[in-house]
Amino acid sequence: MREAKYGVGAIVKHRIYPFRGVIFDVDPEFSNTEEWWLSIPEDVRPSKDQPFYHLLAENDETEYTAYVSEQNLLPDNAGEPLRHPQIDELFVTDEKGRYQPKFLDRH
């Protein structure tokens, strides 16, 4: 098992598909259903032995949650805030616009 490249609160974008989001949980390796994994086209299906990330995700049309392998994520350095409606439930935004998990908020 390898260490996760991204942490909770990191803003990332998908390597192939046009969406971005903030990470709210990390699985050290695949932890979803076999049915979900098999629903991914074989030519782009990721290996299970890598970290997988739970995202509050969004694209141009909508907001949703996503489950994405580490190999398919890149850092999102656009500096644009996210609009997902659940962000305020899980995060506070610091003075630099970074998302800090509420469970770490000491105020």
# chains A, B, ... in the order shown; residues from 1 in each chain; ligands from 1
call {"tool": "residues_around", "arguments": {"residues": "Asp60 in chain A", "least_positions_apart": "6", "cutoff": "10 Å", "atoms": "only C-alpha atoms", "output": "JSON, numbers by chain"}}
result
{"A": [18, 19, 20]}
call {"tool": "residues_around", "arguments": {"residues": "Phe52 in chain A", "least_positions_apart": "6", "cutoff": "12 Å", "atoms": "only C-alpha atoms", "output": "ChimeraX atom specification"}}
result
/A:1-8,23-32,37,46,66-73
call {"tool": "select_by_dssp", "arguments": {"residues": "chain A", "states": "alpha helix (DSSP H)", "output": "PyMOL selection string"}}
result
chain A and resi 34-38+87-90
call {"tool": "atom_distance", "arguments": {"atom1": "CA of Asn77 in chain A", "atom2": "CA of Val12 in chain A"}}
result
8.0 Å
call {"tool": "select_by_dssp", "arguments": {"residues": "range 26-100 of chain A", "states": "strand (DSSP E or B)", "output": "NGL selection string"}}
result
:A and (26-27 or 52-58 or 63-69 or 73-75 or 91-93 or 99-100)
call {"tool": "write_last_selection", "arguments": {"atoms": "C-alpha atoms", "output": "PDB file, in the first residue's frame"}}
result
ATOM      1  CA  VAL A  26      -9.357   8.986   1.225  1.00  0.00           C
ATOM      2  CA  ASP A  27      -9.355   5.199   0.955  1.00  0.00           C
ATOM      3  CA  PHE A  52      -9.047   6.321  -4.073  1.00  0.00           C
ATOM      4  CA  TYR A  53     -10.551   9.694  -3.228  1.00  0.00           C
ATOM      5  CA  HIS A  54     -14.056  10.841  -2.335  1.00  0.00           C
ATOM      6  CA  LEU A  55     -14.715  14.248  -3.892  1.00  0.00           C
ATOM      7  CA  LEU A  56     -17.338  16.926  -3.652  1.00  0.00           C
ATOM      8  CA  ALA A  57     -17.180  17.332  -7.412  1.00  0.00           C
ATOM      9  CA  GLU A  58     -18.583  19.666 -10.010  1.00  0.00           C
ATOM     10  CA  GLU A  63     -22.481  19.173  -8.484  1.00  0.00           C
ATOM     11  CA  TYR A  64     -22.149  15.610  -7.207  1.00  0.00           C
ATOM     12  CA  THR A  65     -19.894  13.254  -5.255  1.00  0.00           C
ATOM     13  CA  ALA A  66     -17.249  11.264  -7.106  1.00  0.00           C
ATOM     14  CA  TYR A  67     -14.952   8.352  -6.290  1.00  0.00           C
ATOM     15  CA  VAL A  68     -11.685   8.649  -8.226  1.00  0.00           C
ATOM     16  CA  SER A  69      -8.403   6.739  -8.359  1.00  0.00           C
ATOM     17  CA  LEU A  73      -6.288  13.055 -10.467  1.00  0.00           C
ATOM     18  CA  LEU A  74      -4.162  16.149 -10.973  1.00  0.00           C
ATOM     19  CA  PRO A  75      -3.772  19.198  -8.733  1.00  0.00           C
ATOM     20  CA  PHE A  91     -14.980  22.647   5.393  1.00  0.00           C
ATOM     21  CA  VAL A  92     -14.077  26.139   6.472  1.00  0.00           C
ATOM     22  CA  THR A  93     -12.259  28.334   3.997  1.00  0.00           C
ATOM     23  CA  TYR A  99     -10.428  24.264   2.344  1.00  0.00           C
ATOM     24  CA  GLN A 100      -9.747  23.157   5.914  1.00  0.00           C
TER      25      GLN A 100
END
call {"tool": "closest_residue", "arguments": {"among": "A:Trp36, A:Lys102, A:Pro51, A:Val22", "to": "His84 in chain A", "atoms": "only C-alpha atoms"}}
result
A:Val22
call {"tool": "closest_residue", "arguments": {"among": "A:Asp49, A:Asp76, A:Glu61, A:Asp43", "to": "His14 in chain A", "atoms": "only C-alpha atoms"}}
result
A:Asp76
call {"tool": "atom_distance", "arguments": {"atom1": "CA of Ser47 in chain A", "atom2": "CA of Pro101 in chain A"}}
result
28.2 Å
call {"tool": "residues_around", "arguments": {"residues": "Thr33 in chain A", "least_positions_apart": "6", "cutoff": "12 Å", "atoms": "only C-alpha atoms", "output": "JSON, numbers by chain"}}
result
{"A": [39, 40, 48, 67]}
call {"tool": "write_last_selection", "arguments": {"atoms": "N, CA, C and O atoms", "output": "PDB file, in the first residue's frame"}}
result
ATOM      1  N   SER A  39     -18.093  -1.388 -13.994  1.00  0.00           N
ATOM      2  CA  SER A  39     -18.848  -0.468 -14.854  1.00  0.00           C
ATOM      3  C   SER A  39     -17.925   0.515 -15.578  1.00  0.00           C
ATOM      4  O   SER A  39     -18.344   1.174 -16.530  1.00  0.00           O
ATOM      5  N   ILE A  40     -16.677   0.606 -15.154  1.00  0.00           N
ATOM      6  CA  ILE A  40     -15.700   1.486 -15.811  1.00  0.00           C
ATOM      7  C   ILE A  40     -15.181   0.770 -17.057  1.00  0.00           C
ATOM      8  O   ILE A  40     -14.799  -0.404 -16.987  1.00  0.00           O
ATOM      9  N   LYS A  48      -6.812  -1.420  -8.591  1.00  0.00           N
ATOM     10  CA  LYS A  48      -7.424  -1.271  -7.259  1.00  0.00           C
ATOM     11  C   LYS A  48      -6.400  -0.981  -6.166  1.00  0.00           C
ATOM     12  O   LYS A  48      -6.764  -0.549  -5.084  1.00  0.00           O
ATOM     13  N   TYR A  67     -15.938   9.270  -6.864  1.00  0.00           N
ATOM     14  CA  TYR A  67     -14.952   8.352  -6.290  1.00  0.00           C
ATOM     15  C   TYR A  67     -13.903   8.129  -7.373  1.00  0.00           C
ATOM     16  O   TYR A  67     -14.208   7.573  -8.434  1.00  0.00           O
TER      17      TYR A  67
END
call {"tool": "closest_residue", "arguments": {"among": "A:Gly21, A:Gln50, A:Phe103, A:Ile16", "to": "Gln86 in chain A", "atoms": "only C-alpha atoms"}}
result
A:Gly21
call {"tool": "closest_residue", "arguments": {"among": "A:Pro41, A:Glu35, A:Arg83, A:Arg98", "to": "Ala10 in chain A", "atoms": "only C-alpha atoms"}}
result
A:Arg98
call {"tool": "atom_distance", "arguments": {"atom1": "CA of Arg45 in chain A", "atom2": "CA of Asn59 in chain A"}}
result
21.0 Å
